[in-house]
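S.K.: Encoded as structure tokens, here's the structure I'll be asking about.
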Amino acid sequence: MARAAVQRRLTWQLATVDAVTDETPRVRTLTVGVPGWPGHQAGQHLDIRLTAEDGYQAEREYSVASAPGEPVAITVERLDDGEVSPYLTQELQAGDEIEVRGPVGGYFVWRPEDGGPLLLIAGGSGIVPLRAMLRHRQQTGSTVPTRLIYSARTRQDVIYSAELMELQQGDGVDVVLTLTREQPPGWDGHTGRVDAELLRELAWPAGQDPLAYVCGPTAFAEAVSATLVGLGYPPQRVRIERFGGTGGP
Ligand SMILES: Cc1cc2nc3c(=O)[nH]c(=O)nc-3n(C[C@H](O)[C@H](O)[C@H](O)COP(=O)(O)OP(=O)(O)OC[C@H]3O[C@@H](n4cnc5c(N)ncnc54)[C@H](O)[C@@H]3O)c2cc1C
């Protein structure tokens with residue numbers, strides 16, 4: 001990467017919100033124009049910095065929701081007692097400016113040459129970097145066998161629902177939803193948490209040398225990755241991104 005590009009991703013830059021899209025009642029995608037964005041890889045994140053009128057600053061990390069080459073987008077879930085996410089999901093509008101730094105991270109990244117079979121496991125907003133990977137897979141024409149296991153509280157909380165259902169139908173991606181809190185009438189899909197029983201049924205067998213990416217609240221990501229290792233996945237084939245917090249989806 002050119003020296004100027006490295007420099008740019010390490011410094012704060014003023015970015016403009018180009019569009020806001022509501023994904024669910026609690027989740028919003030912000031598409032941001034970042035001048036001179038050096039490009040990102042699927043799975044990387046960026047830093048956001050907000051500055052109040054009295055100079056108080058808050059910084060948070062957000063996964064890039066878009067595939068490499070697409071406009072930069074983040075998808076934020078509102079935590080009602082949160083400091084930053086209510087502002088990003090309720091107040092920020094197209095045309096507003098925010099400070100951005102990135103892209104950041106090289107470990108939780110998937111490139112087509114990393115292969116698979118690919119096992120993507122998301123809890124709640126943990127779907128965001130995995131969606132970037134799914135889009136990248138599609139964009140590059142990769143045929144790596146891919147299964148997404150996505151745990152959400154209710155059907156309404158499923159982020160990118162239409163896009164995921166479309167992928168499921170057309171592109172050799174197996175999408176499995178599990179709803180932990182409430183199921184719509186007639187729901188015949190999975191219920192409850194991503195636990196050993198569910199993974200024994202749905203995870204690629206360890207003997208196929210799968211590559212797993214697990215993302216979500218910290219407790220979720222750690223429990224799921226430990227279970228995969230218990231099922232025989234070598235730890236180096238299980239990549240984790242912890243979003244913080246203690247709850248599960
Ligand atoms: C690498 C990385 C990527 C991330 N990507 C995303 C993303 O794509 N989308 C997204 O919505 N968030 C993402 N997060 C989480 C994000 O950085 C913030 O932590 C989150 O938006 C909460 O910020 P807040 O200021 O609203 O809440 P805070 O004021 O920081 O916290 C409020 C309360 O919520 C709890 N909490 C904090 N984070 C979480 C969480 N993730 N889940 C549950 N409870 C939590 C805290 O313990 C506290 O009790 C990512 C985090 C990391 C480290």
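Every chain in the structure tokens has a letter given in the order shown (A, B, ...), and although residue numbers restart at 1 in each chain, ligands are simply numbered from 1 in the order shown.
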Need to verify the contact set: A:Arg60, 7 Å, only C-alpha atoms, exclusion of same-chain residues closer than 2 positions in sequence. Can you return it as a list in words?
M.R.: Asp47, Ile48, Arg49, Ala58 and Tyr62 of chain A
S.K.: The selected residues should be written to file as an mmCIF file, in the first residue's frame (atoms: N, CA and C atoms).
M.R.:
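Output (selection25.cif):
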data_model
loop_
_atom_site.group_PDB
_atom_site.id
_atom_site.type_symbol
_atom_site.label_atom_id
_atom_site.label_comp_id
_atom_site.auth_asym_id
_atom_site.auth_seq_id
_atom_site.Cartn_x
_atom_site.Cartn_y
_atom_site.Cartn_z
ATOM 1 N N ASP A 47 -12.881 3.506 12.783
ATOM 2 C CA ASP A 47 -13.156 4.219 14.034
ATOM 3 C C ASP A 47 -13.969 5.464 13.710
ATOM 4 N N ILE A 48 -14.894 5.762 14.612
ATOM 5 C CA ILE A 48 -15.711 6.978 14.479
ATOM 6 C C ILE A 48 -15.423 7.848 15.707
ATOM 7 N N ARG A 49 -15.259 9.142 15.491
ATOM 8 C CA ARG A 49 -15.061 10.052 16.635
ATOM 9 C C ARG A 49 -16.098 11.168 16.569
ATOM 10 N N ALA A 58 -15.960 11.211 22.009
ATOM 11 C CA ALA A 58 -16.210 9.772 22.189
ATOM 12 C C ALA A 58 -15.819 9.062 20.902
ATOM 13 N N TYR A 62 -16.636 0.537 14.338
ATOM 14 C CA TYR A 62 -17.737 -0.070 13.583
ATOM 15 C C TYR A 62 -17.188 -0.830 12.387
#
S.K.: I'd like to know which residues of stretch 42-217 of chain A are helix (DSSP H, G or I) (by DSSP, run on the backbone); could you write them as a PyMOL selection string?
M.R.: chain A and resi 85-91+112-114+124-139+155-157+161-170+196-202+206-208
S.K.: To check your reading of the model: which residues sit at most 9 Å from ligand 1 when counting only C-alpha atoms and all ligand atoms? Write the answer as JSON, numbers by chain.
M.R.: {"A": [27, 28, 44, 45, 46, 47, 48, 58, 59, 60, 61, 62, 63, 64, 65, 74, 75, 76, 77, 78, 79, 80, 81, 82, 83, 84, 85, 86, 87, 88, 104, 105, 124, 125, 126, 127, 128, 129, 215, 216, 217, 218, 241, 242, 243, 244, 245, 246, 247, 248, 249]}
S.K.: Name the closest residue to A:Glu113 among the candidates A:Ser161, A:Leu198, A:Glu91, A:Thr140; distances are taken between atoms, counting only C-alpha atoms.
M.R.: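 Once distances to A:Glu113 are computed over only C-alpha atoms, the minimum belongs to A:Thr140.
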S.K.: With a cut-off of 9 Å, could you pull out the residues of stretch 178-238 of chain A touching stretch 141-147 of chain A and give me the nearest pair of atoms for each, distance in Å to one decimal, using only C-alpha atoms, ordered by chain and ascending number, as a tab-separated table?
M.R.:
residue	atom	partner	partner_atom	distance
A:Leu202	CA	A:Arg147	CA	8.4
A:Ala203	CA	A:Arg147	CA	8.0
A:Trp204	CA	A:Arg147	CA	8.4
S.K.: Of the candidates A:Asp22, A:Pro117, A:Ala152, A:Trp187, which shows the shortest atom-to-atom distance to A:Pro205, using only C-alpha atoms?
M.R.: A:Pro117
S.K.: If we count only C-alpha atoms, what is near A:Met133 at a cut-off of 8 Å, once residues fewer than 5 positions away on the same chain are taken out, given as a count of residues only?
M.R.: 5
S.K.: Where in stretch 107-165 of chain A does DSSP assign strand (DSSP E or B), given as a PyMOL selection string?
M.R.: chain A and resi 118-123+146-152
S.K.: How many Å lie between atom CA of A:Val158 and atom CA of A:Pro25, rounded to one decimal?
M.R.: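 The value is 10.3 Å.
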S.K.: Which one of A:Gln156, A:Gln169, A:Ser225, A:Thr21 sits closest to A:Ile121 if you count only C-alpha atoms?
M.R.: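 Answer, going by the shortest atom-to-atom distance: A:Ser225.
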S.K.: Write out as a list in words which residues come within 12 Å of stretch 234-236 of chain A when counting only C-alpha atoms, dropping same-chain ones fewer than 4 positions away.
M.R.: Tyr107, Phe108, Pro205, Ala206, Gly207, Gln208, Asp209, Pro210, Leu211, Ala212, Tyr213, Val214, Glu222, Val224, Ser225, Ala226, Thr227, Leu228, Val229, Gly230 and Ile240 of chain A
S.K.: Print the selection's residues with N, CA and C atoms to a file, as a PDB file, in the first residue's frame.
M.R.:
ATOM      1  N   TYR A 107      -6.823  -9.208  10.881  1.00  0.00           N
ATOM      2  CA  TYR A 107      -7.004 -10.585  11.334  1.00  0.00           C
ATOM      3  C   TYR A 107      -8.386 -11.111  10.971  1.00  0.00           C
ATOM      4  N   PHE A 108      -9.391 -10.289  11.184  1.00  0.00           N
ATOM      5  CA  PHE A 108     -10.774 -10.712  10.925  1.00  0.00           C
ATOM      6  C   PHE A 108     -11.160 -10.312   9.502  1.00  0.00           C
ATOM      7  N   PRO A 205     -18.218 -30.286   9.356  1.00  0.00           N
ATOM      8  CA  PRO A 205     -17.386 -31.154  10.210  1.00  0.00           C
ATOM      9  C   PRO A 205     -15.931 -30.684  10.198  1.00  0.00           C
ATOM     10  N   ALA A 206     -15.263 -30.798  11.337  1.00  0.00           N
ATOM     11  CA  ALA A 206     -13.877 -30.320  11.453  1.00  0.00           C
ATOM     12  C   ALA A 206     -12.972 -30.980  10.417  1.00  0.00           C
ATOM     13  N   GLY A 207     -13.297 -32.218  10.044  1.00  0.00           N
ATOM     14  CA  GLY A 207     -12.478 -32.966   9.080  1.00  0.00           C
ATOM     15  C   GLY A 207     -12.441 -32.311   7.701  1.00  0.00           C
ATOM     16  N   GLN A 208     -13.379 -31.419   7.409  1.00  0.00           N
ATOM     17  CA  GLN A 208     -13.381 -30.728   6.101  1.00  0.00           C
ATOM     18  C   GLN A 208     -12.490 -29.487   6.119  1.00  0.00           C
ATOM     19  N   ASP A 209     -11.797 -29.252   7.225  1.00  0.00           N
ATOM     20  CA  ASP A 209     -10.895 -28.106   7.398  1.00  0.00           C
ATOM     21  C   ASP A 209     -11.593 -26.764   7.140  1.00  0.00           C
ATOM     22  N   PRO A 210     -12.754 -26.558   7.780  1.00  0.00           N
ATOM     23  CA  PRO A 210     -13.472 -25.303   7.548  1.00  0.00           C
ATOM     24  C   PRO A 210     -12.758 -24.102   8.175  1.00  0.00           C
ATOM     25  N   LEU A 211     -13.141 -22.928   7.683  1.00  0.00           N
ATOM     26  CA  LEU A 211     -12.629 -21.667   8.222  1.00  0.00           C
ATOM     27  C   LEU A 211     -13.826 -20.930   8.809  1.00  0.00           C
ATOM     28  N   ALA A 212     -13.755 -20.596  10.111  1.00  0.00           N
ATOM     29  CA  ALA A 212     -14.916 -19.996  10.783  1.00  0.00           C
ATOM     30  C   ALA A 212     -14.632 -18.550  11.186  1.00  0.00           C
ATOM     31  N   TYR A 213     -15.652 -17.726  11.017  1.00  0.00           N
ATOM     32  CA  TYR A 213     -15.622 -16.326  11.491  1.00  0.00           C
ATOM     33  C   TYR A 213     -16.819 -16.145  12.409  1.00  0.00           C
ATOM     34  N   VAL A 214     -16.537 -15.723  13.639  1.00  0.00           N
ATOM     35  CA  VAL A 214     -17.598 -15.593  14.637  1.00  0.00           C
ATOM     36  C   VAL A 214     -17.627 -14.151  15.117  1.00  0.00           C
ATOM     37  N   GLU A 222     -17.307 -15.498  22.357  1.00  0.00           N
ATOM     38  CA  GLU A 222     -16.409 -16.399  23.085  1.00  0.00           C
ATOM     39  C   GLU A 222     -17.038 -17.770  23.290  1.00  0.00           C
ATOM     40  N   VAL A 224     -19.370 -19.244  21.439  1.00  0.00           N
ATOM     41  CA  VAL A 224     -19.483 -19.978  20.169  1.00  0.00           C
ATOM     42  C   VAL A 224     -18.118 -20.486  19.721  1.00  0.00           C
ATOM     43  N   SER A 225     -17.105 -19.645  19.835  1.00  0.00           N
ATOM     44  CA  SER A 225     -15.791 -20.083  19.356  1.00  0.00           C
ATOM     45  C   SER A 225     -15.259 -21.223  20.227  1.00  0.00           C
ATOM     46  N   ALA A 226     -15.506 -21.163  21.526  1.00  0.00           N
ATOM     47  CA  ALA A 226     -15.060 -22.263  22.405  1.00  0.00           C
ATOM     48  C   ALA A 226     -15.785 -23.553  22.027  1.00  0.00           C
ATOM     49  N   THR A 227     -17.055 -23.439  21.681  1.00  0.00           N
ATOM     50  CA  THR A 227     -17.806 -24.640  21.294  1.00  0.00           C
ATOM     51  C   THR A 227     -17.242 -25.240  20.006  1.00  0.00           C
ATOM     52  N   LEU A 228     -16.906 -24.372  19.047  1.00  0.00           N
ATOM     53  CA  LEU A 228     -16.326 -24.880  17.791  1.00  0.00           C
ATOM     54  C   LEU A 228     -15.007 -25.610  18.056  1.00  0.00           C
ATOM     55  N   VAL A 229     -14.194 -25.028  18.933  1.00  0.00           N
ATOM     56  CA  VAL A 229     -12.919 -25.681  19.255  1.00  0.00           C
ATOM     57  C   VAL A 229     -13.207 -27.034  19.924  1.00  0.00           C
ATOM     58  N   GLY A 230     -14.232 -27.061  20.768  1.00  0.00           N
ATOM     59  CA  GLY A 230     -14.642 -28.320  21.405  1.00  0.00           C
ATOM     60  C   GLY A 230     -15.095 -29.352  20.379  1.00  0.00           C
ATOM     61  N   ILE A 240     -12.329 -14.561  15.598  1.00  0.00           N
ATOM     62  CA  ILE A 240     -13.396 -13.948  16.410  1.00  0.00           C
ATOM     63  C   ILE A 240     -13.307 -12.430  16.355  1.00  0.00           C
TER      64      ILE A 240
END
S.K.: Residues at most 9 Å from A:Ile149, counting only C-alpha atoms, excluding those fewer than 5 positions away in the same chain, as a list in words?
M.R.: Leu119, Leu120, Ile121, Ala122, Gly123, Asp174, Val175, Val176, Leu177, Thr178, Val194, Leu202 and Ala203 of chain A
S.K.: Please provide the set of residues having any atom within 9 Å of A:Thr16, restricted to only C-alpha atoms, with same-chain residues fewer than 5 positions apart removed, written as a list in words.
M.R.: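 What passes the distance filter is Thr31, Val32, Gly33, Val34, Pro35, Ala94, Gly95, Asp96, Glu97, Ile98 and Glu99 of chain A.
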S.K.: One decimal, Å: what's the distance from atom CA of A:Gly36 over to atom CA of A:Leu14, could you say?
M.R.: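 Calculated distance between atom CA of A:Gly36 and atom CA of A:Leu14 is 10.7 Å.
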S.K.: Can you work out which one of A:Ala221, A:Leu199, A:Val17, A:Ala52 has the shortest atom-to-atom distance to A:Tyr233, counting only C-alpha atoms?
M.R.: A:Leu199
S.K.: Point out the residue among A:Gly116, A:Gly69, A:Gly186, A:Gly172 with the least atom-to-atom distance to A:Val238, counting only C-alpha atoms.
M.R.: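 Among A:Gly116, A:Gly69, A:Gly186, A:Gly172, it is A:Gly116 that comes nearest to A:Val238.
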